[in-house]
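Structure data follow from final-v1.txt (compact mmCIF, C-alpha atoms and all ligand atoms):
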```
# COMPACT_ATOMS: atom_id res chain seq x y z
CA VAL T 188 214.29 161.85 151.72
CA ILE T 189 210.52 161.45 151.67
CA ARG T 190 210.44 161.37 147.88
CA HIS T 191 213.20 158.77 147.89
CA ARG T 192 211.31 156.69 150.42
CA LEU T 193 208.10 156.94 148.46
CA ARG T 194 209.89 155.92 145.31
CA PHE T 195 211.30 152.90 147.15
CA ALA T 196 207.87 151.88 148.37
CA LEU T 197 206.43 152.25 144.87
CA VAL T 198 209.20 150.18 143.30
CA LEU T 199 208.71 147.46 145.91
CA ALA T 200 204.97 147.53 145.44
CA ALA T 201 205.32 147.24 141.66
CA ALA T 202 207.80 144.36 141.97
CA CYS T 203 205.44 142.61 144.36
CA ALA T 204 202.46 143.06 142.07
CA VAL T 205 204.32 141.60 139.08
CA ALA T 206 205.53 138.58 141.04
CA ALA T 207 202.11 138.01 142.56
CA ALA T 208 200.59 137.91 139.10
CA PHE T 209 202.65 134.80 138.39
CA LEU T 210 200.76 133.01 141.10
CA ALA T 211 197.37 132.64 139.48
CA SER T 212 195.52 129.97 141.40
CA HIS T 213 193.78 127.15 139.60
CA LEU T 214 190.75 125.99 141.45
CA ASP T 215 189.82 122.37 141.65
CA ARG T 216 187.01 120.32 143.11
CA ALA T 217 187.55 118.32 146.25
CA GLU T 218 187.10 114.68 146.95
CA ALA T 219 187.98 113.84 150.55
CA GLN T 220 185.64 114.59 153.40
CA ALA T 221 186.53 114.84 157.08
CA GLY T 222 186.35 117.06 160.14
CA ILE T 223 188.59 119.95 161.18
CA ALA T 224 191.56 119.46 163.49
CA SER T 225 191.95 121.90 166.33
CA GLU T 226 194.39 124.71 165.61
CA TRP T 227 194.30 126.44 168.98
CA ASN T 228 194.91 124.89 172.40
CA GLY T 229 193.23 127.08 174.92
CA ALA T 230 190.19 127.71 172.75
CA ASP T 231 188.07 126.98 175.82
CA CYS T 232 189.87 129.42 178.11
CA ALA T 233 187.42 131.99 179.42
CA VAL T 234 188.70 135.15 177.77
CA THR T 235 186.88 138.46 177.95
CA VAL T 236 188.16 141.52 176.19
CA PRO T 237 187.38 144.51 178.41
CA GLY T 238 186.12 147.80 177.02
CA SER T 239 189.29 149.64 177.94
CA TRP T 240 192.81 149.08 179.20
CA PRO T 241 195.64 151.34 180.32
CA SER T 242 197.94 152.94 177.75
CA ASN T 243 201.57 151.93 177.90
CA ALA T 244 204.40 153.59 175.99
CA GLN T 245 206.63 150.61 176.70
CA LEU T 246 206.20 147.01 175.59
CA PRO T 247 203.37 145.49 177.65
CA ASP T 248 204.26 142.68 180.05
CA PRO T 249 203.41 139.40 178.27
CA PHE T 250 202.99 137.74 181.66
CA THR T 251 200.43 140.19 183.08
CA ARG T 252 196.82 139.60 182.19
CA ILE T 253 194.62 142.47 181.08
CA ASP T 254 193.06 142.43 184.59
CA GLY T 255 196.48 143.20 186.08
CA THR T 256 197.22 139.77 187.58
CA ARG T 257 200.37 137.92 186.62
CA VAL T 258 200.73 134.36 185.35
CA THR T 259 203.13 132.05 187.13
CA SER T 260 202.60 128.61 185.56
CA GLN T 261 202.73 127.17 182.06
CA SER T 262 199.09 126.19 182.27
CA GLN T 263 198.13 129.77 183.15
CA TRP T 264 200.22 130.92 180.21
CA GLU T 265 198.04 128.80 177.88
CA CYS T 266 195.07 130.97 178.80
CA ARG T 267 197.06 134.21 178.85
CA ARG T 268 198.14 133.32 175.32
CA SER T 269 194.47 132.97 174.39
CA GLU T 270 193.88 136.40 175.89
CA ILE T 271 196.72 137.86 173.82
CA LYS T 272 195.19 136.20 170.77
CA ALA T 273 191.79 137.73 171.48
CA LEU T 274 193.27 141.19 172.12
CA ALA T 275 195.41 141.02 168.98
CA GLU T 276 192.44 139.95 166.87
CA ARG T 277 190.33 142.74 168.31
CA THR T 278 192.84 145.55 167.84
CA VAL T 279 195.44 144.58 165.24
CA TYR T 280 194.47 141.84 162.79
CA GLY T 281 190.74 141.13 162.97
CA ASP T 282 189.05 137.84 163.81
CA LYS T 283 190.07 134.44 162.50
CA PRO T 284 186.88 132.39 162.33
CA GLN T 285 186.72 128.60 162.59
CA PRO T 286 184.64 127.29 159.64
CA ASP T 287 182.01 124.54 159.84
CA SER T 288 183.81 122.11 157.53
CA VAL T 289 186.86 121.73 155.31
CA THR T 290 187.42 119.13 152.60
CA GLY T 291 190.08 118.70 150.00
CA SER T 292 192.77 116.55 148.50
CA VAL T 293 196.54 116.22 148.50
CA THR T 294 198.40 114.88 145.48
CA SER T 295 202.10 115.00 144.70
CA SER T 296 201.52 118.22 142.76
CA ARG T 297 198.49 119.97 144.26
CA ILE T 298 196.41 120.61 147.35
CA THR T 299 192.78 121.55 146.87
CA VAL T 300 190.78 123.17 149.65
CA ASN T 301 187.01 123.56 149.98
CA VAL T 302 185.56 125.39 152.95
CA ASN T 303 181.98 125.71 154.18
CA ASP T 304 180.77 128.06 156.83
CA ASP T 305 177.27 129.14 157.71
CA GLY T 306 175.78 127.94 154.42
CA ARG T 307 178.43 129.53 152.22
CA SER T 308 181.28 127.80 150.48
CA THR T 309 184.53 128.71 148.77
CA ASN T 310 187.63 127.01 147.45
CA PHE T 311 191.24 127.58 146.55
CA SER T 312 194.31 125.48 145.83
CA ALA T 313 198.08 125.38 146.20
CA THR T 314 200.79 123.62 144.25
CA VAL T 315 203.17 121.05 145.75
CA GLN T 316 206.83 120.36 144.96
CA LEU T 317 208.20 117.17 146.47
CA PRO T 318 211.88 116.72 147.30
CA SER T 319 213.78 113.71 146.03
CA GLY T 320 213.60 110.60 148.18
CA THR T 321 210.77 108.56 149.59
CA GLY T 322 207.89 110.25 151.36
CA PRO T 323 205.86 111.08 153.25
CA PHE T 324 207.52 114.47 153.73
CA PRO T 325 206.97 117.38 156.06
CA ALA T 326 206.17 120.59 154.17
CA VAL T 327 206.91 124.30 154.26
CA ILE T 328 204.10 126.50 153.02
CA VAL T 329 205.76 129.30 151.03
CA TYR T 330 203.82 132.54 150.64
CA GLY T 331 204.05 134.03 147.17
CA GLY T 332 207.31 134.09 145.33
CA PHE T 333 209.46 136.26 147.59
CA GLY T 334 212.55 134.97 149.31
CA ALA T 335 211.11 131.56 148.62
CA ASP T 336 214.41 129.78 148.54
CA THR T 337 212.81 126.53 147.51
CA ALA T 338 216.16 124.82 146.87
CA THR T 339 217.12 125.36 150.52
CA ILE T 340 213.85 123.81 151.67
CA LEU T 341 213.79 120.92 149.19
CA GLY T 342 217.45 120.24 150.04
CA THR T 343 216.40 119.17 153.53
CA GLY T 344 214.02 116.54 152.16
CA THR T 345 211.05 118.82 152.81
CA ALA T 346 208.18 119.50 150.42
CA VAL T 347 207.29 123.04 149.32
CA VAL T 348 203.66 124.08 149.18
CA ASN T 349 203.41 127.16 146.96
CA TYR T 350 200.64 129.25 148.42
CA ASP T 351 199.11 132.18 146.58
CA PRO T 352 197.89 134.25 149.54
CA GLY T 353 196.10 136.70 147.24
CA ALA T 354 193.59 133.99 146.31
CA VAL T 355 192.41 133.95 149.94
CA GLY T 356 192.97 137.59 150.95
CA ALA T 357 193.58 139.87 147.99
CA GLU T 358 195.62 143.06 147.93
CA GLY T 359 194.59 146.12 145.95
CA THR T 360 191.06 146.45 147.29
CA PRO T 361 189.45 149.12 149.40
CA ARG T 362 188.65 148.08 152.97
CA ASN T 363 184.92 148.02 152.29
CA ASN T 364 185.27 145.65 149.34
CA LYS T 365 187.78 143.01 150.38
CA GLN T 366 188.18 140.05 148.04
CA GLY T 367 189.37 136.46 148.05
CA ALA T 368 188.20 133.09 149.34
CA PHE T 369 188.08 134.29 152.97
CA TYR T 370 185.84 137.22 152.09
CA ASN T 371 183.61 135.00 149.92
CA LEU T 372 182.64 133.36 153.21
CA TYR T 373 182.79 136.26 155.63
CA GLY T 374 181.79 139.17 153.42
CA ALA T 375 183.59 141.92 151.51
CA THR T 376 183.06 144.29 154.41
CA SER T 377 184.57 141.94 157.01
CA SER T 378 186.80 143.95 159.33
CA THR T 379 189.41 141.17 159.32
CA GLY T 380 192.56 142.27 157.51
CA VAL T 381 194.17 140.51 154.60
CA LEU T 382 197.06 139.08 156.67
CA MET T 383 194.65 137.22 158.93
CA ALA T 384 192.54 136.13 155.96
CA GLN T 385 195.67 134.67 154.39
CA ALA T 386 196.63 133.01 157.69
CA TRP T 387 193.16 131.45 157.78
CA GLY T 388 193.89 130.02 154.33
CA VAL T 389 197.11 128.43 155.64
CA SER T 390 195.12 126.82 158.44
CA ARG T 391 192.68 125.40 155.93
CA ILE T 392 195.56 123.91 153.91
CA ILE T 393 196.80 122.29 157.13
CA ASP T 394 193.29 120.94 157.77
CA VAL T 395 193.44 119.21 154.40
CA ILE T 396 196.99 117.89 154.96
CA GLU T 397 195.89 116.48 158.33
CA GLN T 398 192.85 114.80 156.77
CA SER T 399 194.82 113.35 153.86
CA GLY T 400 196.11 110.34 155.76
CA GLY T 401 199.76 111.29 155.54
CA SER T 402 200.85 109.19 152.58
CA ILE T 403 202.32 112.18 150.68
CA LEU T 404 202.67 114.96 153.25
CA LYS T 405 203.14 114.59 156.98
CA PRO T 406 201.28 117.02 159.24
CA ALA T 407 204.58 118.65 160.35
CA THR T 408 204.32 122.04 158.70
CA GLY T 409 206.41 125.20 158.44
CA VAL T 410 205.56 128.55 156.91
CA THR T 411 207.70 131.26 155.30
CA GLY T 412 207.56 134.30 153.05
CA CYS T 413 209.38 137.59 152.51
CA SER T 414 208.30 141.20 152.88
CA ARG T 415 204.48 141.47 152.73
CA TYR T 416 204.58 137.68 152.63
CA GLY T 417 206.80 137.74 155.68
CA LYS T 418 204.07 139.70 157.47
CA GLY T 419 201.66 136.98 156.34
CA ALA T 420 203.87 134.06 157.39
CA PHE T 421 204.33 135.64 160.84
CA VAL T 422 200.59 135.95 161.41
CA ALA T 423 199.98 132.42 160.10
CA GLY T 424 202.51 130.96 162.53
CA ALA T 425 201.16 132.88 165.51
CA PHE T 426 197.51 131.93 165.03
CA ASP T 427 197.83 128.21 164.29
CA GLN T 428 199.57 126.04 166.84
CA ARG T 429 199.89 123.18 164.39
CA ILE T 430 202.62 125.15 162.59
CA ALA T 431 205.87 123.71 163.92
CA LEU T 432 208.19 126.29 162.33
CA THR T 433 207.62 129.93 161.38
CA MET T 434 210.22 131.75 159.24
CA PRO T 435 209.25 135.35 158.47
CA ILE T 436 211.69 137.26 156.25
CA GLU T 437 212.09 141.09 156.08
CA SER T 438 208.50 141.55 157.25
CA GLY T 439 208.78 145.14 158.50
CA SER T 440 205.87 147.28 159.64
CA GLY T 441 202.72 145.19 160.07
CA GLY T 442 204.98 142.15 160.41
CA VAL T 443 207.37 141.31 163.23
CA ALA T 444 208.44 144.93 163.91
CA ALA T 445 207.32 146.17 167.33
CA LEU T 446 204.47 148.60 166.69
CA ARG T 447 205.47 150.98 169.50
CA SER T 448 209.03 151.17 168.25
CA ILE T 449 208.28 151.98 164.60
CA PRO T 450 207.59 155.70 165.20
CA GLN T 451 211.00 155.89 166.88
CA GLU T 452 212.91 154.13 164.11
CA SER T 453 213.83 156.74 161.57
CA GLY T 454 212.93 155.82 157.99
CA SER T 455 210.84 152.77 158.90
CA GLN T 456 207.43 152.37 157.25
CA PRO T 457 205.01 154.40 159.37
CA LEU T 458 202.07 152.59 160.94
CA SER T 459 199.66 154.79 159.00
CA SER T 460 201.34 153.66 155.78
CA ALA T 461 201.25 149.98 156.75
CA TYR T 462 197.57 150.44 157.55
CA SER T 463 196.69 152.20 154.30
CA GLU T 464 199.04 150.76 151.68
CA GLN T 465 197.01 147.54 151.68
CA PRO T 466 194.21 146.27 153.94
CA TRP T 467 196.82 144.08 155.64
CA LEU T 468 195.82 144.87 159.22
CA GLY T 469 192.28 144.75 160.57
CA ASP T 470 190.05 147.79 160.23
CA ALA T 471 190.22 148.33 164.01
CA PHE T 472 193.92 149.19 163.76
CA SER T 473 193.00 152.63 162.36
CA ALA T 474 192.47 153.75 165.98
CA TYR T 475 196.11 153.02 166.82
CA THR T 476 198.20 154.16 163.84
CA ALA T 477 198.95 157.46 165.56
CA ASN T 478 199.02 156.03 169.06
CA PRO T 479 200.37 152.49 169.33
CA GLY T 480 200.86 153.01 173.08
CA ALA T 481 197.09 152.59 173.40
CA LEU T 482 197.26 149.02 172.07
CA PRO T 483 196.76 146.25 174.67
CA VAL T 484 199.45 144.14 172.94
CA ASP T 485 202.55 144.53 170.79
CA THR T 486 204.26 142.19 168.37
CA HIS T 487 206.71 140.79 170.94
CA GLU T 488 203.61 139.08 172.34
CA ILE T 489 202.70 137.78 168.88
CA VAL T 490 206.23 136.32 168.85
CA GLY T 491 205.40 134.96 172.31
CA MET T 492 202.25 133.27 170.96
CA ILE T 493 204.51 131.16 168.76
CA ALA T 494 206.55 129.91 171.76
CA PRO T 495 207.66 127.19 172.31
CA ARG T 496 207.33 126.26 168.64
CA GLY T 497 210.19 126.85 166.21
CA LEU T 498 210.71 130.43 165.03
CA PHE T 499 213.47 131.89 162.87
CA ILE T 500 213.04 135.61 162.11
CA MET T 501 215.18 137.15 159.37
CA ASP T 502 215.50 140.92 158.86
CA ASN T 503 217.31 143.20 156.40
CA PRO T 504 219.21 145.99 158.20
CA HIS T 505 220.22 147.88 155.04
CA ILE T 506 216.82 149.28 154.05
CA GLU T 507 215.46 151.69 156.65
CA TRP T 508 211.88 151.16 155.45
CA LEU T 509 212.03 147.57 156.74
CA GLY T 510 212.38 148.64 160.38
CA ALA T 511 214.94 146.01 161.42
CA ARG T 512 215.56 147.61 164.83
CA SER T 513 211.86 147.29 165.63
CA GLY T 514 211.99 143.71 164.38
CA ALA T 515 214.93 142.94 166.66
CA LEU T 516 213.09 144.50 169.59
CA ALA T 517 210.05 142.28 169.05
CA ALA T 518 212.32 139.25 168.79
CA LEU T 519 214.10 140.13 172.04
CA GLY T 520 210.82 140.77 173.85
CA GLY T 521 209.24 137.58 172.51
CA ALA T 522 212.36 135.57 173.36
CA GLU T 523 211.51 136.27 177.01
CA VAL T 524 208.37 134.16 176.60
CA TYR T 525 210.46 131.36 175.11
CA LYS T 526 212.83 131.61 178.10
CA ALA T 527 209.96 131.60 180.56
CA LEU T 528 208.76 128.36 178.99
CA GLY T 529 212.25 126.85 179.12
CA ALA T 530 212.45 126.88 175.31
CA GLY T 531 214.94 129.71 174.76
CA SER T 532 216.76 127.84 172.02
CA ASN T 533 213.65 127.50 169.84
CA ILE T 534 213.75 131.15 168.71
CA SER T 535 216.41 132.63 166.44
CA TYR T 536 216.80 136.09 164.92
CA HIS T 537 219.22 137.22 162.24
CA SER T 538 219.75 140.63 160.65
CA ASN T 539 223.53 140.58 160.48
CA THR T 540 223.65 140.26 156.71
CA SER T 541 225.90 141.95 154.19
CA ASN T 542 223.69 141.88 151.09
CA GLY T 543 221.17 144.75 151.12
CA THR T 544 218.94 143.47 148.31
CA HIS T 545 215.36 143.10 149.48
CA CYS T 546 214.31 139.43 149.66
CA ALA T 547 217.61 138.17 148.29
CA THR T 548 218.53 134.54 148.81
CA ARG T 549 221.19 135.07 151.48
CA THR T 550 224.07 132.70 151.98
CA GLU T 551 224.17 133.54 155.72
CA TRP T 552 220.63 132.24 156.12
CA LYS T 553 220.99 128.91 154.37
CA THR T 554 222.54 126.99 157.28
CA PRO T 555 220.25 128.33 160.03
CA LEU T 556 217.21 127.80 157.78
CA GLN T 557 218.18 124.20 157.18
CA GLN T 558 219.00 123.66 160.87
CA SER T 559 215.58 125.02 161.78
CA ILE T 560 213.81 122.81 159.24
CA ASN T 561 215.76 119.74 160.35
CA ARG T 562 215.06 120.39 164.03
CA PHE T 563 211.42 121.41 163.92
CA LEU T 564 210.07 119.50 160.92
CA HIS T 565 212.28 116.39 160.96
CA GLY T 566 213.21 116.21 164.65
CA THR T 567 216.93 116.01 163.93
CA GLY T 568 219.92 118.09 165.02
CA ALA T 569 219.89 121.31 167.00
CA PRO T 570 218.22 124.63 166.17
CA PRO T 571 220.47 127.65 165.40
CA ALA T 572 219.48 129.23 168.76
CA THR T 573 221.09 132.59 167.99
CA ILE T 574 220.00 136.21 168.16
CA SER T 575 222.32 138.05 165.78
CA MET T 576 221.57 141.72 165.18
CA HIS T 577 223.39 143.88 162.64
CA PRO T 578 225.50 146.47 164.52
CA ASN T 579 223.47 149.29 162.90
CA LYS T 580 220.18 147.76 163.97
CA THR T 581 220.60 146.55 167.53
CA ALA T 582 217.65 146.84 169.89
CA ASN T 583 217.76 147.36 173.63
CA LEU T 584 214.94 145.55 175.39
CA ALA T 585 215.86 147.07 178.76
CA GLN T 586 214.76 150.51 177.50
CA TRP T 587 211.38 149.11 176.58
CA ARG T 588 210.30 147.20 179.65
CA THR T 589 209.98 147.37 183.40
CA TRP T 590 208.71 143.80 183.75
CA THR T 591 210.87 140.84 184.58
CA THR T 592 210.70 137.37 183.14
CA PRO T 593 209.32 134.61 185.34
CA THR T 594 210.15 130.92 185.10
CA LEU T 595 206.72 129.52 184.44
CA THR T 596 206.27 126.39 186.48
CA ALA T 597 205.16 123.22 184.73
CA GLY T 598 201.78 121.63 185.30
CA ASN T 599 199.13 123.01 187.64
CA PRO T 600 196.29 121.58 185.55
CA SER T 601 193.62 122.84 187.93
CA GLU T 602 194.20 126.33 186.60
CA THR T 603 193.28 125.56 183.04
CA THR T 604 190.47 123.81 181.29
CA THR T 605 192.68 122.93 178.34
CA PRO T 606 194.75 119.81 177.70
CA PRO T 607 198.54 120.18 177.66
CA GLU T 608 200.30 121.31 174.49
CA GLN T 609 199.96 118.80 171.66
CA THR T 610 203.28 117.23 170.90
CA THR T 611 202.80 116.35 167.25
CA ASN T 612 205.74 118.49 166.19
CA PRO T 613 209.21 117.36 167.05
CA GLY T 614 210.47 120.78 168.15
CA GLU T 615 208.03 121.01 170.98
CA THR T 616 208.66 117.57 172.35
CA SER T 617 212.37 118.17 172.42
CA SER T 618 212.40 121.62 174.03
CA PRO T 619 214.50 121.74 177.14
CA PRO T 620 212.43 121.49 180.34
C1 LIG R 1 208.06 144.97 153.79
O1 LIG R 1 206.92 144.68 153.02
C2 LIG R 1 206.38 145.58 152.07
C3 LIG R 1 206.29 146.99 152.60
O2 LIG R 1 205.48 146.99 153.76
C4 LIG R 1 205.67 147.89 151.55
O3 LIG R 1 205.65 149.24 151.97
C5 LIG R 1 206.37 147.81 150.24
O4 LIG R 1 205.58 148.44 149.26
O5 LIG R 1 206.50 146.47 149.84
C6 LIG R 1 207.14 145.59 150.73
C7 LIG R 1 207.10 144.29 149.99
O6 LIG R 1 206.20 143.49 150.17
O7 LIG R 1 208.03 144.12 149.04
C8 LIG R 1 207.95 143.00 148.18
```
Please lay out the structure from this file as structure tokens.
Amino acid sequence: VIRHRLRFALVLAAACAVAAAFLASHLDRAEAQAGIASEWNGADCAVTVPGSWPSNAQLPDPFTRIDGTRVTSQSQWECRRSEIKALAERTVYGDKPQPDSVTGSVTSSRITVNVNDDGRSTNFSATVQLPSGTGPFPAVIVYGGFGADTATILGTGTAVVNYDPGAVGAEGTPRNNKQGAFYNLYGATSSTGVLMAQAWGVSRIIDVIEQSGGSILKPATGVTGCSRYGKGAFVAGAFDQRIALTMPIESGSGGVAALRSIPQESGSQPLSSAYSEQPWLGDAFSAYTANPGALPVDTHEIVGMIAPRGLFIMDNPHIEWLGARSGALAALGGAEVYKALGAGSNISYHSNTSNGTHCATRTEWKTPLQQSINRFLHGTGAPPATISMHPNKTANLAQWRTWTTPTLTAGNPSETTTPPEQTTNPGETSSPP
């Protein structure tokens, strides 16, 4: 069984490497110059990460702060979400820095990005495919080539931005010699993992789209990718609140899958493997691969960071390595945050597929993908609003929690220093109260 599993991982890894090689990035010089839009509401919440916290074999309560107090209002949640972000950066992914300046250009075929921070500079680019019709168009940033069903996206009148994540956070390096645009700025020994580096690159693309004046691309942005690129898309969506729609596909261990549940899901990629196969997660995660119960967060709270923005998680239940039960558990746990915010219909999960091919273009996903894109990037129609687990890969949230889900009350601005959620994306403005 182990040999079979190893062989599967090697075949996947080889397939991924070949496809990634197609995505050589061509670097260009920038023209436009402007400031950086804010990507995180709640950046001015006072968050302190303590030196220690209690272990918890179950999924931690998203609504209880690390100091043990519980949040009751939406404005308190804004700062709790910042605390979850800080804890997740510290223990799972590594830090996502905010650079000094970003410049670049958007044309109908290419986005160029130049970033400066602390006297250093770097650049990368992405290619653009426009749909037919008259722009400007919202865009979906597609990681790599996997599961990138560009026809489905273009068919909704949405542009595709082809993002080569390896240009910003490369795979295939040792942890003490990380490579790519992110590490050009922050150093090859940065403890930030490749997934967060790649997510930082997505944020810089959005900076450039926002600065471009909106004649070609609108700021409404989605992100997707499959497998390792599903891990990446998930992290990108969680750590940038300008992303209106996140669509991770078959992301497995290191992606959506609940970290505490992976050791209990037979055949799923072990945490130690997800940590060592590539420097995907931050260096600090080495302390938790054998003991995820010691983490102050789990991925249901990363799902919760995306709330109330659009989220459609797709999993493959036919390949044990992909840990679909742990993915479903994180979706169910995170859906509680959506419910608490009165936005329960903005999250969908689907693993009830018949085709077992990894990263296949699945007919069952076409309609909910297009519904999600229409709702959250175009502001039309209704989201799929379904949690559909394959019968072999159902998860039971009740076994994993003792906490209950509050209804977070609206308002109470005295409890936060941050302005209310920006409503630049249509999904947020239309969430039920
Ligand atoms: C699910 O994503 C990964 C998985 O974590 C790896 O173990 C395997 O090698 O490759 C998968 C993948 O990215 O496939 C394209």
Coordinates-based distance that separates CA of Arg562 (chain T) from CA of Pro406 (chain T) (Å, one decimal):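 Distance reported for this atom pair: 15.0 Å.
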Coordinates-based distance that separates CA of Ala431 (chain T) from CA of His545 (chain T) (Å, one decimal):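 Taking CA of His545 (chain T) as the start and CA of Ala431 (chain T) as the end point, the length is 26.0 Å.
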Option closest in space to ligand LIG 1 (chain R), from T:Thr592, T:Asn579, T:Asn349, T:Ser463 [counting only C-alpha atoms and all ligand atoms]: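 Distance minimum relative to ligand LIG 1 (chain R) lands on T:Ser463.
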Among listed residues T:Ala425, T:Ala481, T:Ile449, T:Val236, nearest Ala515 (chain T) (using all atoms listed in the file):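 Closest to Ala515 (chain T), using all atoms listed in the file: T:Ile449.
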Atom pair CA of Pro249 (chain T) / CA of Met492 (chain T): separation (Å): 9.6 Å
Residue nearest ligand LIG 1 (chain R) - candidates T:Ala233, T:Leu246, T:Ala474, T:Cys413, atoms counted: only C-alpha atoms and all ligand atoms: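 Of T:Ala233, T:Leu246, T:Ala474, T:Cys413, the one nearest ligand LIG 1 (chain R), counting only C-alpha atoms and all ligand atoms, is T:Cys413.
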Minimum-distance residue to Gly497 (chain T), chosen among T:Gly510, T:Gly531, T:Gly520, T:Gly480 (using all atoms listed in the file): T:Gly531
Residue nearest Pro318 (chain T) among T:Ile403, T:Ala518, T:Ala527, T:Ala375 (counting only C-alpha atoms):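 Looking only at the distances to Pro318 (chain T), the closest residue turns out to be T:Ile403.
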List the spatial neighbours of Arg362 (chain T) as a PDB file with C-alpha atoms, in the frame of the given file - criterion: any atom at most 9 Å away, all atoms listed in the file, same-chain residues fewer than 4 positions off excluded.
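around-v3.pdb written:
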```
ATOM      1  CA  ALA T 375     183.590 141.920 151.510  1.00  0.00           C
ATOM      2  CA  THR T 376     183.060 144.290 154.410  1.00  0.00           C
ATOM      3  CA  SER T 377     184.570 141.940 157.010  1.00  0.00           C
ATOM      4  CA  SER T 378     186.800 143.950 159.330  1.00  0.00           C
ATOM      5  CA  GLY T 380     192.560 142.270 157.510  1.00  0.00           C
ATOM      6  CA  GLN T 465     197.010 147.540 151.680  1.00  0.00           C
ATOM      7  CA  PRO T 466     194.210 146.270 153.940  1.00  0.00           C
ATOM      8  CA  ASP T 470     190.050 147.790 160.230  1.00  0.00           C
TER       9      ASP T 470
END
```
From T:Pro479, T:Gly401, T:Gly424, T:Gly491, residue lying nearest Ser242 (chain T) [only C-alpha atoms]: T:Pro479
Near-Phe324 (chain T) list (12 Å; all atoms listed in the file; drop same-chain fewer than 4 positions) as a list in words: Ser295, Val315, Gln316, Leu317, Pro318, Ser319, Gly320, Ile340, Leu341, Thr343, Gly344, Thr345, Ala346, Val347, Val348, Ile396, Gly401, Ser402, Ile403, Leu404, Lys405, Pro406, Ala407, Thr408, Gly409, Ile560, Asn561, Leu564 and His565 of chain T
Neighbours of point (186.6, 120.4, 154.9) within 6 Å, using all atoms listed in the file, written as a ChimeraX atom specification: /T:221,288-290,301-302
Residues near Ser535 (chain T), cut-off 8 Å, all atoms listed in the file, skip fewer than 2 positions along chain, as a PyMOL selection string: chain T and resi 498-500+532-533+537+571-574
Sel. within 12 Å of pt (196.9, 142.0, 163.0), counting all atoms listed in the file, output as a VMD selection string: chain T and resid 271 to 283 378 to 386 418 to 423 425 to 426 440 to 444 446 458 461 to 462 466 to 473 475 482 484 to 486 488 to 489
Output requested as a CSV table (one decimal), in the frame of the given file - region 462-471 of chain T, filled out with N, CA, C and O atoms.
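Written out: part-v2.csv:
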```csv
chain,number,residue,atom,x,y,z
T,462,TYR,N,199.0,150.6,157.5
T,462,TYR,CA,197.6,150.4,157.6
T,462,TYR,C,196.9,150.7,156.2
T,462,TYR,O,195.9,150.1,155.8
T,463,SER,N,197.4,151.7,155.5
T,463,SER,CA,196.7,152.2,154.3
T,463,SER,C,197.2,151.7,153.0
T,463,SER,O,196.5,151.6,152.0
T,464,GLU,N,198.5,151.2,153.0
T,464,GLU,CA,199.0,150.8,151.7
T,464,GLU,C,198.2,149.6,151.1
T,464,GLU,O,197.9,149.5,149.9
T,465,GLN,N,197.9,148.7,152.0
T,465,GLN,CA,197.0,147.5,151.7
T,465,GLN,C,196.2,147.3,152.9
T,465,GLN,O,196.6,147.6,154.0
T,466,PRO,N,195.0,146.6,152.7
T,466,PRO,CA,194.2,146.3,153.9
T,466,PRO,C,194.8,145.1,154.7
T,466,PRO,O,194.1,144.2,155.1
T,467,TRP,N,196.1,145.2,155.0
T,467,TRP,CA,196.8,144.1,155.6
T,467,TRP,C,196.3,143.9,157.1
T,467,TRP,O,196.0,142.8,157.5
T,468,LEU,N,196.2,145.0,157.8
T,468,LEU,CA,195.8,144.9,159.2
T,468,LEU,C,194.3,145.0,159.3
T,468,LEU,O,193.7,145.4,158.3
T,469,GLY,N,193.7,144.6,160.4
T,469,GLY,CA,192.3,144.8,160.6
T,469,GLY,C,191.8,146.2,160.6
T,469,GLY,O,192.6,147.1,160.9
T,470,ASP,N,190.6,146.4,160.3
T,470,ASP,CA,190.0,147.8,160.2
T,470,ASP,C,190.2,148.5,161.6
T,470,ASP,O,190.4,149.7,161.6
T,471,ALA,N,190.1,147.7,162.7
T,471,ALA,CA,190.2,148.3,164.0
T,471,ALA,C,191.6,149.0,164.3
T,471,ALA,O,191.7,149.9,165.1
```
